[in-house]
Amino acid sequence: MKSDQSTSSGNLVDPFGRRIEYLRLSVTDRCNLRCSYCLPKGFSDFDVPDEWLQFDEIVTLMQAFAGMGLKRIRLTGGEPLVRRGLPELVERLSGIEGIDDLSLSTNAVLLERHAETLHKAGVSRLNVSLDTLRGDRFKEITGGGRLDKVLAGLMAAKAAGFTPIKINMVALKGINDDEYEDMVEFCIEHGFTLRFIETMPVGSTGRWASRHYQNLEEVRAYLRRRLDLVPGVMPGGGPARYEQVVGTDLRIGFITPISRHFCDSCNRVRLSADGQLYLCLGQNARYDLRQVVRAGAGMDDLHVAITEALALKPQRHEFTDKPEQVVRFMSMTGG
Ligand code: SAM
């Protein structure tokens with residue numbers, strides 16, 4: 001049921017009454033990996049950097065969002081650590097009034113070098129994508145990536161004091177489905193939180209993703225037979241449903257965009273590196289905020305533009321009904 005709240009400016013509420021508090025900010029569409037479900041092997045047709053928002057433009061836009069009630073920003077990409085000067089941006093974003101949570105999603109390939117600087121600059125929470133603990137398999141899934149670099153990055157993040165560190169493992173039938181328990185052990189050993197994610201059919205890799213789709217209810221049932229699990233909670237846990245492994249600190253989250261979608265409680269939007277505000281990961285609705293900010297819009301005009309954009313937020317994704325609908329890659333939208 002639509003409400004009329006979407007028309008009131010200065011209020012981050014969408015046409016379905018959902019309050020938007022969370023923005024995923026893609027700082028680049030480039031990535032140093034080619035994960036089979038995300039980017040085709042050898043893909044290099046990225047935006048030219050001139051199209052990316054400059055740091056000043058990003059900060060202005062985030063100030064506008066924060067003025068309307070945005071509370072949390074997650075830096076993502078592509079791979080955010082390939083964007084030059086990222087710590088400077090982090091420092092500027094962490095100083096914005098109203099933003100009380102600044103986090104980062106990374107594949108951790110470059111994290112060893114950057115962990116401490118990023119932590120000092122103001123990133124508090126880290127999500128690291130890691131689908132396997134086997135070097136050969138990692139290379140295969142990521143189109144040539146090196147697992148040892150990721151592990152070194154994770155250890156550097158631990159040493160730098162990030163807490164929590166969440167490991168995001170995309171569950172892939174026939175690819176890494178023999179490693180769920182190994183990943184549990186790894187996360188217990190290092191004090192990480194573990195989240196399993198279902199693949200979504202986006203971009204031209206969508207067919208591959210669908211072929212290896214793993215319903216997480218099956219993973220949960222499998223783990224329940226092997227581990228003592230009780231319902232758990234995770235502050236700021238987003239759409240994941242958590243279980244705690246009894247006798248340990250480990251929480252395991254299940255993110256099920258396909259088998260049990262969570263669109264009713266969706267509280268997020270995504271700003272791509274080239275300044276498009278995407279209202280839903282699984283739909284094509286978007287609003288060009290780059291044009292608005294480059295035209296020199298003041299805060300009031302930005303608030304009007306953001307309100308117009310939010311009015312476009314769809315009720316839900318349609319991955320199941322229209323799996324081929326989203327042609328852009330995840331790295332374009334900001335996963
Ligand atoms: N490079 C960073 C990283 O690796 O976390 C941030 C961007 S990446 C696109 C963000 C997340 O999206 C990763 O955890 C990745 O596994 C996930 N992802 C990409 N394509 C996906 C798909 N088709 N289905 C489910 N998750 C996907």
# chains A, B, ... in the order shown; residues from 1 in each chain; ligands from 1

$ closest_atom_pairs --of "chain A" --to "ligand 1" --cutoff "6 Å" --atoms "only C-alpha atoms and all ligand atoms" --output "Markdown table"
| residue | atom | partner | partner_atom_place_in_ligand_line | distance |
| --- | --- | --- | --- | --- |
| A:Tyr37 | CA | ligand 1 | 23 (N) | 4.7 |
| A:Cys38 | CA | ligand 1 | 20 (N) | 4.0 |
| A:Thr76 | CA | ligand 1 | 6 (C) | 4.7 |
| A:Gly77 | CA | ligand 1 | 7 (C) | 4.5 |
| A:Gly78 | CA | ligand 1 | 7 (C) | 4.8 |
| A:Glu79 | CA | ligand 1 | 1 (N) | 3.7 |
| A:Ser105 | CA | ligand 1 | 5 (O) | 4.3 |
| A:Thr106 | CA | ligand 1 | 2 (C) | 3.8 |
| A:Asn107 | CA | ligand 1 | 4 (O) | 3.8 |
| A:Val128 | CA | ligand 1 | 5 (O) | 5.5 |
| A:Ser129 | CA | ligand 1 | 14 (O) | 4.5 |
| A:Asn168 | CA | ligand 1 | 14 (O) | 5.4 |
| A:Val170 | CA | ligand 1 | 16 (O) | 5.7 |
| A:Glu198 | CA | ligand 1 | 25 (C) | 5.7 |
| A:Thr199 | CA | ligand 1 | 24 (N) | 3.4 |
| A:Met200 | CA | ligand 1 | 24 (N) | 3.8 |
| A:Pro201 | CA | ligand 1 | 23 (N) | 5.4 |
| A:Val202 | CA | ligand 1 | 23 (N) | 5.4 |
| A:Ala209 | CA | ligand 1 | 23 (N) | 5.8 |
| A:Met330 | CA | ligand 1 | 9 (C) | 5.0 |
| A:Ser331 | CA | ligand 1 | 9 (C) | 4.7 |
| A:Gly334 | CA | ligand 1 | 9 (C) | 5.9 |
| A:Gly335 | CA | ligand 1 | 10 (C) | 4.0 |

$ select_by_dssp --residues "stretch 4-249 of chain A" --states "helix (DSSP H, G or I)" --output "ChimeraX atom specification"
/A:4-7,49-51,55-67,80-82,86-94,111-121,135-142,147-160,180-190,203-211,216-226

$ residues_around --residues "stretch 46-63 of chain A" --least-positions-apart "4" --cutoff "10 Å" --atoms "only C-alpha atoms" --output "number ranges by chain"
A: 23, 25-31, 67-70, 73, 78, 83, 85-86, 88-90, 92-93, 95-99, 271-276, 289-290, 292-294, 296-299, 302-303, 306, 331-332

$ residues_around --residues "A:Leu104" --least-positions-apart "4" --cutoff "7 Å" --atoms "only C-alpha atoms" --output "PyMOL selection string"
chain A and resi 74-76+123+125-127

$ residues_around --residues "stretch 142-150 of chain A" --least-positions-apart "6" --cutoff "6 Å" --atoms "only C-alpha atoms" --output "ChimeraX atom specification"
/A:33-35,108-109,135

$ write_last_selection --atoms "N, CA, C and O atoms" --output "tab-separated table (two decimals), in the first residue's frame"
chain	number	residue	atom	x	y	z
A	33	LEU	N	39.50	-8.56	-9.10
A	33	LEU	CA	39.13	-9.97	-9.25
A	33	LEU	C	38.03	-10.10	-10.30
A	33	LEU	O	37.40	-9.10	-10.67
A	34	ARG	N	37.81	-11.32	-10.76
A	34	ARG	CA	36.74	-11.60	-11.73
A	34	ARG	C	35.93	-12.78	-11.24
A	34	ARG	O	36.00	-13.87	-11.79
A	35	CYS	N	35.19	-12.58	-10.15
A	35	CYS	CA	34.43	-13.69	-9.57
A	35	CYS	C	33.37	-14.16	-10.58
A	35	CYS	O	32.69	-13.33	-11.19
A	108	ALA	N	39.71	-7.86	0.07
A	108	ALA	CA	40.88	-7.94	0.95
A	108	ALA	C	42.21	-8.20	0.24
A	108	ALA	O	43.24	-8.32	0.90
A	109	VAL	N	42.21	-8.25	-1.09
A	109	VAL	CA	43.46	-8.50	-1.80
A	109	VAL	C	44.50	-7.41	-1.48
A	109	VAL	O	45.69	-7.69	-1.33
A	135	GLY	N	43.45	-22.50	-2.11
A	135	GLY	CA	44.11	-21.60	-3.05
A	135	GLY	C	43.73	-21.83	-4.50
A	135	GLY	O	43.44	-20.88	-5.25

$ atom_distance --atom1 "atom CA of A:Leu118" --atom2 "atom CA of A:Arg270"
21.5 Å

$ residues_around --residues "stretch 180-190 of chain A" --least-positions-apart "6" --cutoff "10 Å" --atoms "only C-alpha atoms" --output "PyMOL selection string"
chain A and resi 130-133+154-155+158+165-167+169+171+196+219-220+222-223+226-227+245+248-252

$ residues_around --residues "A:Asn215" --least-positions-apart "6" --cutoff "10 Å" --atoms "only C-alpha atoms" --output "ChimeraX atom specification"
/A:171-173,197-199,256-260

$ closest_residue --among "A:Arg137, A:Arg286, A:Arg19, A:His114" --to "A:Ala160" --atoms "only C-alpha atoms"
A:His114

$ closest_residue --among "A:Leu81, A:Leu277, A:Ala66, A:Ala159" --to "A:Asp100" --atoms "only C-alpha atoms"
A:Ala66

$ atom_distance --atom1 "atom CA of A:Thr307" --atom2 "atom CA of A:Val13"
8.3 Å

$ select_by_dssp --residues "stretch 86-304 of chain A" --states "strand (DSSP E or B)" --output "PyMOL selection string"
chain A and resi 101-106+125-129+165-170+172+193-197+213+229-232+241-245+251-255+268-271+276-278+286-288

$ closest_residue --among "A:Ser124, A:Gly206, A:Arg134, A:Ala311" --to "A:Glu179" --atoms "only C-alpha atoms"
A:Arg134

$ closest_residue --among "A:Ala64, A:Val304, A:Leu110, A:Leu216" --to "A:Arg241" --atoms "only C-alpha atoms"
A:Leu216

$ closest_residue --among "A:Phe192, A:Phe162, A:Phe138, A:Phe16" --to "A:Ile175" --atoms "only C-alpha atoms"
A:Phe138

$ closest_residue --among "A:Asn32, A:Ser44, A:Asn284, A:Thr333" --to "A:Val82" --atoms "only C-alpha atoms"
A:Asn32

$ decode --residues "stretch 89-113 of chain A" --atoms "C-alpha atoms" --output "PDB file, in the first residue's frame"
ATOM      1  CA  LEU A  89      37.473  10.134   1.498  1.00  0.00           C
ATOM      2  CA  VAL A  90      36.882   7.994   4.582  1.00  0.00           C
ATOM      3  CA  GLU A  91      38.123  10.763   6.836  1.00  0.00           C
ATOM      4  CA  ARG A  92      35.837  13.284   5.200  1.00  0.00           C
ATOM      5  CA  LEU A  93      32.807  11.001   5.327  1.00  0.00           C
ATOM      6  CA  SER A  94      33.354  10.048   8.944  1.00  0.00           C
ATOM      7  CA  GLY A  95      33.214  13.736   9.836  1.00  0.00           C
ATOM      8  CA  ILE A  96      29.704  14.223   8.401  1.00  0.00           C
ATOM      9  CA  GLU A  97      27.170  15.019  11.086  1.00  0.00           C
ATOM     10  CA  GLY A  98      24.519  12.341  11.408  1.00  0.00           C
ATOM     11  CA  ILE A  99      26.585   9.512   9.923  1.00  0.00           C
ATOM     12  CA  ASP A 100      27.243   7.201  12.826  1.00  0.00           C
ATOM     13  CA  ASP A 101      28.427   4.125  10.991  1.00  0.00           C
ATOM     14  CA  LEU A 102      31.004   3.899   8.215  1.00  0.00           C
ATOM     15  CA  SER A 103      31.847   0.434   6.948  1.00  0.00           C
ATOM     16  CA  LEU A 104      33.655  -1.141   4.016  1.00  0.00           C
ATOM     17  CA  SER A 105      33.165  -4.184   1.785  1.00  0.00           C
ATOM     18  CA  THR A 106      36.348  -5.538   0.237  1.00  0.00           C
ATOM     19  CA  ASN A 107      37.850  -8.636  -1.295  1.00  0.00           C
ATOM     20  CA  ALA A 108      40.878  -7.938   0.954  1.00  0.00           C
ATOM     21  CA  VAL A 109      43.461  -8.499  -1.805  1.00  0.00           C
ATOM     22  CA  LEU A 110      44.965  -5.063  -1.045  1.00  0.00           C
ATOM     23  CA  LEU A 111      43.938  -4.909   2.586  1.00  0.00           C
ATOM     24  CA  GLU A 112      47.252  -5.808   4.195  1.00  0.00           C
ATOM     25  CA  ARG A 113      48.691  -2.515   2.991  1.00  0.00           C
TER      26      ARG A 113
END
